[in-house]
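Q: PDB, C-alpha atoms, saved as my_file.pdb, coming up:
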ATOM      1  CA  PRO A 190       4.922 -26.826  52.573  1.00  0.00           C
ATOM      2  CA  SER A 191       3.701 -25.812  49.150  1.00  0.00           C
ATOM      3  CA  SER A 192       2.270 -22.368  48.611  1.00  0.00           C
ATOM      4  CA  PRO A 193      -1.445 -22.071  47.879  1.00  0.00           C
ATOM      5  CA  ARG A 194      -2.534 -21.999  44.258  1.00  0.00           C
ATOM      6  CA  PRO A 195      -3.728 -18.591  43.088  1.00  0.00           C
ATOM      7  CA  ASP A 196      -7.429 -18.229  42.588  1.00  0.00           C
ATOM      8  CA  ARG A 197      -7.943 -18.510  38.818  1.00  0.00           C
ATOM      9  CA  ALA A 198     -10.764 -15.953  38.953  1.00  0.00           C
ATOM     10  CA  SER A 199      -8.445 -13.332  40.421  1.00  0.00           C
ATOM     11  CA  ALA A 200      -5.410 -14.117  38.247  1.00  0.00           C
ATOM     12  CA  VAL A 201      -4.610 -11.306  35.835  1.00  0.00           C
ATOM     13  CA  MET A 202      -4.511 -12.269  32.191  1.00  0.00           C
ATOM     14  CA  THR A 203      -3.026 -10.054  29.527  1.00  0.00           C
ATOM     15  CA  GLY A 204      -2.969  -9.884  25.787  1.00  0.00           C
ATOM     16  CA  CYS A 205      -1.548  -7.400  23.338  1.00  0.00           C
ATOM     17  CA  GLU A 206      -2.726  -5.396  20.404  1.00  0.00           C
ATOM     18  CA  TRP A 207      -0.654  -3.762  17.706  1.00  0.00           C
ATOM     19  CA  VAL A 208      -1.908  -0.695  15.873  1.00  0.00           C
ATOM     20  CA  ILE A 209       0.248  -0.051  12.822  1.00  0.00           C
ATOM     21  CA  GLU A 210       0.161   2.820  10.344  1.00  0.00           C
ATOM     22  CA  ALA A 211       2.334   2.697   7.250  1.00  0.00           C
ATOM     23  CA  ARG A 212       2.709   5.568   4.805  1.00  0.00           C
ATOM     24  CA  GLY A 213       4.523   5.945   1.506  1.00  0.00           C
ATOM     25  CA  CYS A 214       3.315   2.532   0.294  1.00  0.00           C
ATOM     26  CA  ARG A 215       2.991   1.562  -3.371  1.00  0.00           C
ATOM     27  CA  PRO A 216      -0.623   2.464  -4.291  1.00  0.00           C
ATOM     28  CA  GLU A 217      -1.007  -0.546  -6.593  1.00  0.00           C
ATOM     29  CA  CYS A 218      -0.230  -2.860  -3.658  1.00  0.00           C
ATOM     30  CA  LEU A 219      -2.818  -1.172  -1.470  1.00  0.00           C
ATOM     31  CA  ALA A 220      -5.480  -1.670  -4.146  1.00  0.00           C
ATOM     32  CA  SER A 221      -4.613  -5.346  -4.765  1.00  0.00           C
ATOM     33  CA  GLN A 222      -6.536  -7.964  -2.799  1.00  0.00           C
ATOM     34  CA  SER A 223      -4.041 -10.671  -3.753  1.00  0.00           C
ATOM     35  CA  THR A 224      -1.145  -8.564  -2.421  1.00  0.00           C
ATOM     36  CA  LEU A 225      -2.963  -7.983   0.856  1.00  0.00           C
ATOM     37  CA  GLU A 226      -3.934 -11.659   1.120  1.00  0.00           C
ATOM     38  CA  GLU A 227      -0.235 -12.492   0.808  1.00  0.00           C
ATOM     39  CA  LEU A 228       0.568  -9.916   3.509  1.00  0.00           C
ATOM     40  CA  PHE A 229      -1.984 -11.586   5.818  1.00  0.00           C
ATOM     41  CA  ARG A 230      -0.450 -15.019   5.058  1.00  0.00           C
ATOM     42  CA  ARG A 231       2.991 -13.685   5.911  1.00  0.00           C
ATOM     43  CA  LEU A 232       1.789 -12.184   9.205  1.00  0.00           C
ATOM     44  CA  VAL A 233      -0.100 -15.349  10.161  1.00  0.00           C
ATOM     45  CA  GLU A 234       2.928 -17.511   9.464  1.00  0.00           C
ATOM     46  CA  GLY A 235       5.487 -15.174  11.031  1.00  0.00           C
ATOM     47  CA  MET A 236       3.465 -14.554  14.190  1.00  0.00           C
ATOM     48  CA  HIS A 237       2.266 -18.183  14.501  1.00  0.00           C
ATOM     49  CA  LEU A 238      -1.384 -17.136  14.429  1.00  0.00           C
ATOM     50  CA  ASN A 239      -4.341 -19.470  13.984  1.00  0.00           C
ATOM     51  CA  PRO A 240      -7.096 -18.429  11.548  1.00  0.00           C
ATOM     52  CA  VAL A 241     -10.506 -19.954  12.219  1.00  0.00           C
ATOM     53  CA  ALA A 242     -12.058 -18.936   8.876  1.00  0.00           C
ATOM     54  CA  GLU A 243     -11.123 -17.376   5.558  1.00  0.00           C
ATOM     55  CA  ALA A 244     -10.465 -13.646   5.486  1.00  0.00           C
ATOM     56  CA  VAL A 245     -13.318 -11.367   4.433  1.00  0.00           C
ATOM     57  CA  TRP A 246     -12.488  -8.546   1.997  1.00  0.00           C
ATOM     58  CA  TYR A 247     -14.328  -5.490   0.766  1.00  0.00           C
ATOM     59  CA  GLN A 248     -13.014  -3.606  -2.267  1.00  0.00           C
ATOM     60  CA  PHE A 249     -14.153   0.006  -2.424  1.00  0.00           C
ATOM     61  CA  PRO A 250     -15.243   1.178  -5.896  1.00  0.00           C
ATOM     62  CA  GLY A 251     -13.087   3.214  -8.253  1.00  0.00           C
ATOM     63  CA  PRO A 252      -9.586   3.922  -7.092  1.00  0.00           C
ATOM     64  CA  GLY A 253     -10.519   3.019  -3.504  1.00  0.00           C
ATOM     65  CA  GLY A 254      -8.726   0.632  -1.214  1.00  0.00           C
ATOM     66  CA  LEU A 255      -9.687  -2.491   0.650  1.00  0.00           C
ATOM     67  CA  THR A 256     -10.833  -3.484   4.075  1.00  0.00           C
ATOM     68  CA  GLY A 257      -9.869  -6.954   5.252  1.00  0.00           C
ATOM     69  CA  MET A 258     -10.630  -8.964   8.373  1.00  0.00           C
ATOM     70  CA  LEU A 259      -9.287 -12.331   9.469  1.00  0.00           C
ATOM     71  CA  LEU A 260     -10.794 -14.010  12.517  1.00  0.00           C
ATOM     72  CA  LEU A 261      -8.150 -15.754  14.632  1.00  0.00           C
ATOM     73  CA  SER A 262      -8.404 -18.095  17.598  1.00  0.00           C
ATOM     74  CA  GLU A 263      -6.247 -15.393  19.250  1.00  0.00           C
ATOM     75  CA  SER A 264      -8.682 -12.633  18.154  1.00  0.00           C
ATOM     76  CA  HIS A 265      -8.260 -10.798  14.816  1.00  0.00           C
ATOM     77  CA  LEU A 266      -6.103  -9.289  12.094  1.00  0.00           C
ATOM     78  CA  ALA A 267      -7.596  -6.370  10.170  1.00  0.00           C
ATOM     79  CA  CYS A 268      -6.521  -3.750   7.654  1.00  0.00           C
ATOM     80  CA  HIS A 269      -7.839  -0.747   5.809  1.00  0.00           C
ATOM     81  CA  THR A 270      -5.965   0.719   2.856  1.00  0.00           C
ATOM     82  CA  PHE A 271      -5.940   4.167   1.304  1.00  0.00           C
ATOM     83  CA  PRO A 272      -4.170   3.947  -2.080  1.00  0.00           C
ATOM     84  CA  GLU A 273      -4.929   7.609  -2.783  1.00  0.00           C
ATOM     85  CA  HIS A 274      -2.931   8.497   0.355  1.00  0.00           C
ATOM     86  CA  ARG A 275      -0.400   5.657  -0.033  1.00  0.00           C
ATOM     87  CA  SER A 276      -1.233   4.371   3.463  1.00  0.00           C
ATOM     88  CA  ILE A 277      -2.474   1.303   5.302  1.00  0.00           C
ATOM     89  CA  CYS A 278      -3.771   0.847   8.834  1.00  0.00           C
ATOM     90  CA  LEU A 279      -3.283  -2.602  10.376  1.00  0.00           C
ATOM     91  CA  ASN A 280      -4.581  -4.000  13.627  1.00  0.00           C
ATOM     92  CA  VAL A 281      -3.477  -7.281  15.218  1.00  0.00           C
ATOM     93  CA  PHE A 282      -5.056  -8.329  18.497  1.00  0.00           C
ATOM     94  CA  CYS A 283      -3.949 -11.394  20.445  1.00  0.00           C
ATOM     95  CA  CYS A 284      -5.664 -12.450  23.655  1.00  0.00           C
ATOM     96  CA  ARG A 285      -2.417 -13.862  25.093  1.00  0.00           C
ATOM     97  CA  PRO A 286       1.009 -12.232  25.429  1.00  0.00           C
ATOM     98  CA  ARG A 287       3.105 -12.453  22.243  1.00  0.00           C
ATOM     99  CA  PRO A 288       6.704 -11.648  21.424  1.00  0.00           C
ATOM    100  CA  GLU A 289       7.494  -8.555  19.402  1.00  0.00           C
ATOM    101  CA  TYR A 290       7.211  -8.840  15.630  1.00  0.00           C
ATOM    102  CA  ASP A 291       9.152  -6.971  12.942  1.00  0.00           C
ATOM    103  CA  PHE A 292       6.203  -5.281  11.228  1.00  0.00           C
ATOM    104  CA  LYS A 293       8.451  -2.572   9.804  1.00  0.00           C
ATOM    105  CA  THR A 294      10.583  -4.950   7.724  1.00  0.00           C
ATOM    106  CA  VAL A 295       7.546  -6.854   6.457  1.00  0.00           C
ATOM    107  CA  LEU A 296       5.690  -3.699   5.412  1.00  0.00           C
ATOM    108  CA  ARG A 297       8.768  -2.198   3.740  1.00  0.00           C
ATOM    109  CA  GLU A 298       9.398  -5.395   1.788  1.00  0.00           C
ATOM    110  CA  HIS A 299       5.790  -6.187   0.944  1.00  0.00           C
ATOM    111  CA  LEU A 300       4.250  -2.754   0.326  1.00  0.00           C
ATOM    112  CA  GLY A 301       7.251  -0.459  -0.099  1.00  0.00           C
ATOM    113  CA  ALA A 302       6.271   1.463   3.046  1.00  0.00           C
ATOM    114  CA  ALA A 303       8.550   4.409   3.790  1.00  0.00           C
ATOM    115  CA  ASP A 304       7.229   5.593   7.177  1.00  0.00           C
ATOM    116  CA  ILE A 305       5.829   3.116   9.706  1.00  0.00           C
ATOM    117  CA  THR A 306       4.470   3.654  13.200  1.00  0.00           C
ATOM    118  CA  VAL A 307       3.917   0.616  15.432  1.00  0.00           C
ATOM    119  CA  ARG A 308       2.099   0.977  18.727  1.00  0.00           C
ATOM    120  CA  ARG A 309       1.812  -1.988  21.083  1.00  0.00           C
ATOM    121  CA  LEU A 310      -0.988  -1.883  23.635  1.00  0.00           C
ATOM    122  CA  GLU A 311      -1.033  -4.242  26.575  1.00  0.00           C
ATOM    123  CA  ARG A 312      -4.555  -5.506  27.257  1.00  0.00           C
ATOM    124  CA  GLU A 313      -5.377  -6.582  30.806  1.00  0.00           C
ATOM    125  CA  TYR A 314      -8.455  -8.652  31.578  1.00  0.00           C
ATOM    126  CA  GLY A 315     -10.072  -8.961  34.942  1.00  0.00           C
ATOM    127  CA  ALA A 316      -9.188  -7.355  38.234  1.00  0.00           C
TER     128      ALA A 316
END
Go through the file and emit its structure as structure tokens.
A:
Amino acid sequence: PSSPRPDRASAVMTGCEWVIEARGCRPECLASQSTLEELFRRLVEGMHLNPVAEAVWYQFPGPGGLTGMLLLSESHLACHTFPEHRSICLNVFCCRPRPEYDFKTVLREHLGAADITVRRLEREYGA
């Protein structure tokens, strides 16, 4: 006999979120919207993400950095840069499990990051 199907309401679903801090970046990259747009394109392509709209960007005045947000069918990709501190904070949230991604190589190549911390958080939904 076949085993009973699990109750969909009680099935545990998980997703994952990456919180990434990169320091020692090239300040000119952190202040360049086009550079950060290219970084987002590379992450979307490499992680097989699905944008549902264009990214929204805010450039802070003077020597300030940028904040960017890209809405995904999986959830979101966001960043905040600090050129004066040579750092960027990235957040990628996916509502379904995803394989690991080599953020360190991408950030070294794209922004010249010297010191990168990647934290992966497992997100569990339901009981």
Q: Determine the residue membership of the PyMOL selection byres ((chain A and resi 248) around 12) for the file above and supply it as an MDAnalysis selection string.
A: chainID A and resid 219:223 225 245:247 249:257 268:272
Q: Which residues fall under the PyMOL selection byres ((chain A and resi 293-299) around 9) in this file, as a list of chain:residue names?
A: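 Evaluating the PyMOL selection byres ((chain A and resi 293-299) around 9) on these coordinates yields A:Ala211, A:Cys214, A:Cys218, A:Thr224, A:Leu225, A:Glu227, A:Leu228, A:Arg231, A:Leu232, A:Tyr290, A:Asp291, A:Phe292, A:Leu300, A:Gly301, A:Ala302, A:Ala303, A:Asp304, A:Ile305, A:Thr306, A:Val307.
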Q: Please check which residues have atoms at most 9 Å from (-2.4, -14.5, 22.5) in the file's coordinates, counting only C-alpha atoms, and write them as a PyMOL selection string.
A: chain A and resi 203-205+238+262-264+282-287
Q: Take the PyMOL selection byres ((chain A and resi 275) around 7), apply it to the structure above, and return the hits as an MDAnalysis selection string.
A: chainID A and resid 212:216 271:274 276
Q: Using the selection just defined, write its residues with C-alpha atoms as an mmCIF file, in the coordinates of the input.
A:
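Once everything was written out, this is out_37.cif:
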data_model
loop_
_atom_site.group_PDB
_atom_site.id
_atom_site.type_symbol
_atom_site.label_atom_id
_atom_site.label_comp_id
_atom_site.auth_asym_id
_atom_site.auth_seq_id
_atom_site.Cartn_x
_atom_site.Cartn_y
_atom_site.Cartn_z
ATOM 1 C CA ARG A 212 2.709 5.568 4.805
ATOM 2 C CA GLY A 213 4.523 5.945 1.506
ATOM 3 C CA CYS A 214 3.315 2.532 0.294
ATOM 4 C CA ARG A 215 2.991 1.562 -3.371
ATOM 5 C CA PRO A 216 -0.623 2.464 -4.291
ATOM 6 C CA PHE A 271 -5.940 4.167 1.304
ATOM 7 C CA PRO A 272 -4.170 3.947 -2.080
ATOM 8 C CA GLU A 273 -4.929 7.609 -2.783
ATOM 9 C CA HIS A 274 -2.931 8.497 0.355
ATOM 10 C CA SER A 276 -1.233 4.371 3.463
#
Q: To one decimal place in Å, what is the distance between atom CA of A:Ala242 and atom CA of A:Met258?
A: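 That distance, rounded to one decimal, is 10.1 Å.
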Q: When distances are computed from only C-alpha atoms, which of A:Ile277, A:Leu261, A:Met202, A:Met236 shows the smallest separation from A:Glu289?
A: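 Ranking A:Ile277, A:Leu261, A:Met202, A:Met236 by distance to A:Glu289, first place goes to A:Met236.
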Q: Could you jot down the atom CA of A:Val233 to atom CA of A:Gly315 separation for me, Å, one decimal place?
A: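 Distance reported for this atom pair: 27.5 Å.
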Q: Rounded to one decimal in Å, what is the spacing between atom CA of A:Arg308 and atom CA of A:Asn239?
A: 22.0 Å
Q: Would you list the contacts of A:Leu259 as number ranges by chain, taking every protein, DNA or RNA residue within 6 Å and counting all atoms listed in the file, but skipping same-chain residues closer than 6 positions in sequence?
A: A: 244, 265-266
